[in-house]
Every structure is written in structure tokens, then in C-alpha cells.
Amino acid sequence: MTAEQTHAGRRVLVTGAGQRLGRVIARELALRGAEVLVNDLDAGRADAVVGEIQAAGGKASAAVFDVTDFGSVTAAAAALGPVDVLVNNAGNAGRPAGPTRDDFAWFTATDPADWDGFLKVNLYGVMHTARAFVPAMVERSWGRVVTIISDAGRLGEPTMAAYSAAKAGAAGFSRALAREVGRHGVTVNCVSLGTVGPDRAEGEPDAPELAQSVGRYVIRRSGRPGEVAAMVAFLSGPDGGWVTGQTYPMNGGYSFAL
Ligand SMILES: NC(=O)c1ccc[n+]([C@@H]2O[C@H](COP(=O)([O-])OP(=O)(O)OC[C@H]3O[C@@H](n4cnc5c(N)ncnc54)[C@H](O)[C@@H]3O)[C@@H](O)[C@H]2O)c1
């Protein structure tokens with residue numbers, strides 16, 4: 001079965017697309033006809049995802065830069081040219097290795113230096129890419145920005161205060177940007193996630209430790225990356241054009257939005 005070509009002719013940049021969620025989003029948008037620029041800090045990971053997309057008959061190239069470094073982001077924007085869709089997925093602690101146990105601590109036991117990594121990637125990273133890539137969307141009167149945040153940013157999560165602050169900041173930033181650029185055909189939205197598990201087939205159960213941590217969700221399982229990719233595809237595709245300034249929770253019912 002071939003996917004509906006909702007993104008045919010679109011150039012898409014997915015940040016942090018070298019693994020897990022970003023990788024699945026990049027693959028899904030490529031399957032839907034987009035030319036995907038696969039960003040990551042880690043060149044090997046970006047190349048591997050490009051290879052997977054090309055092997056499946058899709059269009060992709062690697063775009064290796066650090067979203068926390070504004071100079072690198074603007075240089076990349078100049079080299080890559082305009083994109084139609086920007087997916088801000090790079091996040092967590094902003095390192096290829098992902099967060100470690102030391103990243104989680106009660107706020108009163110942390111110092112500003114501990115907050116930096118979270119704020120740089122989850123807030124400044126989003127602002128950097130928007131600043132670099134949105135002007136061309138405005139000029140061309142069409143664009144989509146989708147940013148992956150976390151329910152930590154909507155509800156607050158103990159031991160994750162800086163991450164919560166940064167994700168909430170990204171959502172606030174997105175609402176303001178949405179108001180500025182909507183008249184130019186550019187939409188700006190966020191998807192707020194609960195715990196997303198590994199890429200897996202429908203019905204495949206969570207590993208026991210993960211199952212325990214998502215046991216309080218209304219739908220008692222972790223999310224599948226493909227489910228998130230489908231939401232990103234909707235928001236960045238032709239049917240998402242009248243949705244802007246919103247934050248969509250996808251969290252198995254961990255929290256509800258009115
Ligand atoms: N996985 C979850 O359960 C979950 C839950 C809530 C929110 N999120 C959010 O979803 C997004 C993806 O999460 P994930 O768990 O798949 O991520 P991950 O940490 O597994 O992978 C992120 C990728 O981004 C890259 N990266 C990190 N910093 C970067 C930078 N400064 N510039 C460019 N690339 C960079 C890493 O090398 C890595 O390949 C993140 O924004 C995360 O905060 C994830």
C-alpha cells in the first residue's frame with residue numbers, strides 16, 4: 001500500500017532526526033512524498049536515516065548542525081535554502097547520548113549550569129531554527145512549524161524543572177509566532193507528548209519497566225513513534241492549514257486539554 005502523497009513537492013527539515021521519534025517522523029514525511037533534510041548533531045545517525053529513506057525510494061539528505069548554535073543554524077539555512085515544513089524535534093538534554101540519571105534532580109539541588117542544556121536545545125534550539133527558516137516561509141506565503149514538546153511543559157514534572165520550563169517556553173513562543181505569521185500562510189503548532197516507547201508493531205506490549213511507568217495513563221501503554229509522526233503529518237499537511245497556535249497533547253490520556 002502506498003501512502004497518500006500529502007507532502008509531495010514539500011521540503012521538510014526534521015531536527016534531531018537521527019534516532020527514535022525524529023527518525024520515524026522523517027521516514028513518515030518522506031513516505032508521504034516530502035524531500036527530507038535529516039538534521040542531527042551526530043553525522044553517522046543522520047546518514048543512516050538518509051540511507052533508510054533512500055532505500056525505501058524516498059528523497060532525503062543529511063543536514064548536520066547543532067540547533068543550539070545560532071551561527072551554525074543560520075549557516076545551514078543559507079546553505080540548504082528554504083524549507084516548507086520545520087519540525088523541531090531535537091530535545092531532551094540536547095546530547096546524542098540522551099539524558100542521564102544526573103540530569104534528573106530536585107530543582108533546589110540544581111544550579112543554573114544544570115539548566116543550560118535543557119534550555120538551549122528545547123527553547124533556544126526552537127527559536128534559532130524558527131528565526132532562520134520562517135522568514136523564507138513568510139516570503140513564499142506558505143509554511144508549517146511543528147514543535148515537539150512534553151507534558152512536563154504543560155503540567156510540570158518533579159526533578160525535571162528546567163526541561164519543563166524550556167518546553168513550556170517553546171509552546172509560549174510558538175503561540176506568539178503563530179500570531180505574527182498566520183496572515184502569511186504559516187501555521188505554528190506544538191505536540192505535547194507523554195512517554196513514547198520504541199518503534200514497534202501495533203499491539204506489541206511495553207517492556208515491564210515502561211509498562212509500570214505508563215500504568216496510570218487512561219490508555220495503558222506508551223505511545224508509538226508512528227502515532228506521533230501521523231499527528232505531525234496532519235499538522236504539516238494540506239488538512240492542517242486552519243490549525244495554528246495550538247498545543248496538542250498526545251499522551252494516552254495522562255492529561256486532558258479543554
Ligand atoms: N521519547 C519520549 O518519551 C518523549 C516524551 C516527551 C517529549 N519528548 C520529546 O520528543 C523529542 C524526541 O525525543 P526522543 O526521545 O526521540 O529523542 P532522543 O534524545 O532519543 O534523540 C534526539 C536526537 O536529537 C539529536 N540532538 C540532540 N541535541 C541536538 C542538537 N543540539 N542539534 C541537533 N540534534 C540534536 C540527538 O543526537 C539524537 O539523535 C524531544 O524533543 C523530546 O524532548 C520525547
# chains A, B, ... in the order shown; residues from 1 in each chain; ligands from 1
>>> closest_atom_pairs(of="stretch 20-45 of chain A", to="stretch 230-246 of chain A", cutoff="12 Å", atoms="only C-alpha atoms", output="Markdown table")
| residue | atom | partner | partner_atom | distance |
| --- | --- | --- | --- | --- |
| A:Leu21 | CA | A:Val232 | CA | 11.0 |
| A:Gly22 | CA | A:Val232 | CA | 10.6 |
| A:Val24 | CA | A:Ala230 | CA | 9.8 |
| A:Ile25 | CA | A:Val232 | CA | 7.4 |
| A:Ala26 | CA | A:Ala233 | CA | 9.9 |
| A:Arg27 | CA | A:Ala233 | CA | 10.9 |
| A:Glu28 | CA | A:Ala230 | CA | 7.6 |
| A:Leu29 | CA | A:Ala233 | CA | 6.5 |
| A:Ala30 | CA | A:Ala233 | CA | 10.3 |
| A:Leu31 | CA | A:Ala233 | CA | 10.5 |
| A:Arg32 | CA | A:Ala233 | CA | 8.4 |
| A:Gly33 | CA | A:Gly237 | CA | 10.9 |
| A:Ala34 | CA | A:Gly237 | CA | 10.3 |
>>> select_by_dssp(residues="stretch 49-108 of chain A", states="alpha helix (DSSP H)", output="JSON, numbers by chain")
{"A": [49, 50, 51, 52, 53, 54, 55, 70, 71, 72, 73, 74, 75, 76, 77, 78, 79, 80]}
>>> write_last_selection(atoms="all heavy atoms", output="mmCIF file, in the first residue's frame")
data_model
loop_
_atom_site.group_PDB
_atom_site.id
_atom_site.type_symbol
_atom_site.label_atom_id
_atom_site.label_comp_id
_atom_site.auth_asym_id
_atom_site.auth_seq_id
_atom_site.Cartn_x
_atom_site.Cartn_y
_atom_site.Cartn_z
ATOM 1 N N VAL A 49 19.793 7.406 8.614
ATOM 2 C CA VAL A 49 18.362 7.651 8.341
ATOM 3 C C VAL A 49 18.172 8.043 6.876
ATOM 4 O O VAL A 49 17.218 7.588 6.218
ATOM 5 C CB VAL A 49 17.793 8.715 9.310
ATOM 6 C CG1 VAL A 49 16.354 9.071 8.939
ATOM 7 C CG2 VAL A 49 17.867 8.203 10.752
ATOM 8 N N VAL A 50 19.086 8.850 6.355
ATOM 9 C CA VAL A 50 19.027 9.194 4.925
ATOM 10 C C VAL A 50 19.074 7.901 4.096
ATOM 11 O O VAL A 50 18.284 7.718 3.152
ATOM 12 C CB VAL A 50 20.195 10.138 4.538
ATOM 13 C CG1 VAL A 50 20.330 10.256 3.023
ATOM 14 C CG2 VAL A 50 19.990 11.509 5.172
ATOM 15 N N GLY A 51 19.968 6.994 4.460
ATOM 16 C CA GLY A 51 20.085 5.721 3.739
ATOM 17 C C GLY A 51 18.796 4.921 3.785
ATOM 18 O O GLY A 51 18.364 4.365 2.763
ATOM 19 N N GLU A 52 18.164 4.881 4.937
ATOM 20 C CA GLU A 52 16.896 4.132 5.078
ATOM 21 C C GLU A 52 15.812 4.725 4.176
ATOM 22 O O GLU A 52 15.057 3.991 3.523
ATOM 23 C CB GLU A 52 16.361 4.249 6.519
ATOM 24 C CG GLU A 52 16.994 3.350 7.537
ATOM 25 C CD GLU A 52 16.339 3.584 8.893
ATOM 26 O OE1 GLU A 52 15.112 3.384 9.009
ATOM 27 O OE2 GLU A 52 17.050 4.003 9.829
ATOM 28 N N ILE A 53 15.741 6.073 4.186
ATOM 29 C CA ILE A 53 14.702 6.736 3.383
ATOM 30 C C ILE A 53 14.947 6.486 1.893
ATOM 31 O O ILE A 53 14.026 6.142 1.142
ATOM 32 C CB ILE A 53 14.662 8.254 3.696
ATOM 33 C CG1 ILE A 53 14.112 8.470 5.116
ATOM 34 C CG2 ILE A 53 13.817 9.007 2.669
ATOM 35 C CD1 ILE A 53 14.183 9.914 5.612
ATOM 36 N N GLN A 54 16.208 6.622 1.496
ATOM 37 C CA GLN A 54 16.528 6.422 0.069
ATOM 38 C C GLN A 54 16.283 4.977 -0.343
ATOM 39 O O GLN A 54 15.780 4.706 -1.434
ATOM 40 C CB GLN A 54 17.976 6.837 -0.197
ATOM 41 C CG GLN A 54 18.147 8.354 -0.122
ATOM 42 C CD GLN A 54 19.586 8.805 -0.266
ATOM 43 O OE1 GLN A 54 20.506 8.006 -0.121
ATOM 44 N NE2 GLN A 54 19.796 10.085 -0.534
ATOM 45 N N ALA A 55 16.611 4.040 0.556
ATOM 46 C CA ALA A 55 16.402 2.616 0.231
ATOM 47 C C ALA A 55 14.914 2.316 0.036
ATOM 48 O O ALA A 55 14.548 1.402 -0.702
ATOM 49 C CB ALA A 55 16.991 1.746 1.337
ATOM 50 N N PHE A 70 23.389 29.307 17.125
ATOM 51 C CA PHE A 70 22.662 30.106 16.132
ATOM 52 C C PHE A 70 23.481 30.333 14.863
ATOM 53 O O PHE A 70 22.931 30.326 13.762
ATOM 54 C CB PHE A 70 22.234 31.449 16.746
ATOM 55 C CG PHE A 70 21.324 32.241 15.849
ATOM 56 C CD1 PHE A 70 20.142 31.691 15.357
ATOM 57 C CD2 PHE A 70 21.641 33.544 15.486
ATOM 58 C CE1 PHE A 70 19.297 32.415 14.519
ATOM 59 C CE2 PHE A 70 20.805 34.275 14.646
ATOM 60 C CZ PHE A 70 19.639 33.710 14.164
ATOM 61 N N GLY A 71 24.798 30.492 15.014
ATOM 62 C CA GLY A 71 25.651 30.687 13.836
ATOM 63 C C GLY A 71 25.574 29.482 12.906
ATOM 64 O O GLY A 71 25.463 29.625 11.681
ATOM 65 N N SER A 72 25.602 28.280 13.493
ATOM 66 C CA SER A 72 25.517 27.059 12.670
ATOM 67 C C SER A 72 24.148 26.938 12.015
ATOM 68 O O SER A 72 24.026 26.479 10.873
ATOM 69 C CB SER A 72 25.746 25.815 13.528
ATOM 70 O OG SER A 72 26.978 25.882 14.159
ATOM 71 N N VAL A 73 23.106 27.334 12.736
ATOM 72 C CA VAL A 73 21.747 27.225 12.184
ATOM 73 C C VAL A 73 21.575 28.189 11.004
ATOM 74 O O VAL A 73 21.042 27.806 9.954
ATOM 75 C CB VAL A 73 20.680 27.488 13.279
ATOM 76 C CG1 VAL A 73 19.274 27.436 12.684
ATOM 77 C CG2 VAL A 73 20.804 26.476 14.414
ATOM 78 N N THR A 74 22.047 29.424 11.153
ATOM 79 C CA THR A 74 21.883 30.381 10.047
ATOM 80 C C THR A 74 22.754 29.979 8.849
ATOM 81 O O THR A 74 22.339 30.128 7.698
ATOM 82 C CB THR A 74 22.205 31.830 10.480
ATOM 83 O OG1 THR A 74 23.477 31.837 11.119
ATOM 84 C CG2 THR A 74 21.164 32.375 11.421
ATOM 85 N N ALA A 75 23.950 29.434 9.142
ATOM 86 C CA ALA A 75 24.803 28.967 8.038
ATOM 87 C C ALA A 75 24.109 27.814 7.312
ATOM 88 O O ALA A 75 24.126 27.740 6.073
ATOM 89 C CB ALA A 75 26.160 28.515 8.585
ATOM 90 N N ALA A 76 23.479 26.919 8.061
ATOM 91 C CA ALA A 76 22.768 25.789 7.450
ATOM 92 C C ALA A 76 21.599 26.292 6.606
ATOM 93 O O ALA A 76 21.371 25.816 5.493
ATOM 94 C CB ALA A 76 22.280 24.821 8.532
ATOM 95 N N ALA A 77 20.874 27.276 7.137
ATOM 96 C CA ALA A 77 19.722 27.806 6.389
ATOM 97 C C ALA A 77 20.191 28.409 5.065
ATOM 98 O O ALA A 77 19.555 28.222 4.023
ATOM 99 C CB ALA A 77 18.979 28.841 7.229
ATOM 100 N N ALA A 78 21.323 29.118 5.107
ATOM 101 C CA ALA A 78 21.852 29.723 3.871
ATOM 102 C C ALA A 78 22.279 28.635 2.889
ATOM 103 O O ALA A 78 22.037 28.734 1.680
ATOM 104 C CB ALA A 78 23.027 30.640 4.203
ATOM 105 N N ALA A 79 22.874 27.571 3.394
ATOM 106 C CA ALA A 79 23.371 26.507 2.515
ATOM 107 C C ALA A 79 22.229 25.632 1.981
ATOM 108 O O ALA A 79 22.264 25.199 0.828
ATOM 109 C CB ALA A 79 24.371 25.636 3.286
ATOM 110 N N LEU A 80 21.233 25.386 2.818
ATOM 111 C CA LEU A 80 20.170 24.445 2.433
ATOM 112 C C LEU A 80 19.089 25.103 1.589
ATOM 113 O O LEU A 80 18.399 24.445 0.825
ATOM 114 C CB LEU A 80 19.510 23.848 3.694
ATOM 115 C CG LEU A 80 20.410 22.994 4.591
ATOM 116 C CD1 LEU A 80 19.730 22.723 5.934
ATOM 117 C CD2 LEU A 80 20.761 21.679 3.892
#
>>> residues_near_ligand(ligand="ligand 1", cutoff="6 Å", atoms="only C-alpha atoms and all ligand atoms", output="ChimeraX atom specification")
/A:15-22,40-42,65-68,89-92,94-96,98,121,148-150,193-196
>>> atom_distance(atom1="atom CA of A:Thr110", atom2="atom CA of A:Asp151")
21.3 Å
>>> residues_around(residues="A:Asp206", least_positions_apart="5", cutoff="8 Å", atoms="only C-alpha atoms", output="PyMOL selection string")
chain A and resi 197+211+221-222
>>> write_last_selection(atoms="C-alpha atoms", output="mmCIF file, in the first residue's frame")
data_model
loop_
_atom_site.group_PDB
_atom_site.id
_atom_site.type_symbol
_atom_site.label_atom_id
_atom_site.label_comp_id
_atom_site.auth_asym_id
_atom_site.auth_seq_id
_atom_site.Cartn_x
_atom_site.Cartn_y
_atom_site.Cartn_z
ATOM 1 C CA GLY A 197 8.201 3.922 23.604
ATOM 2 C CA ALA A 211 4.597 -0.657 31.369
ATOM 3 C CA ARG A 221 0.655 1.832 27.159
ATOM 4 C CA SER A 222 3.389 4.112 25.868
#
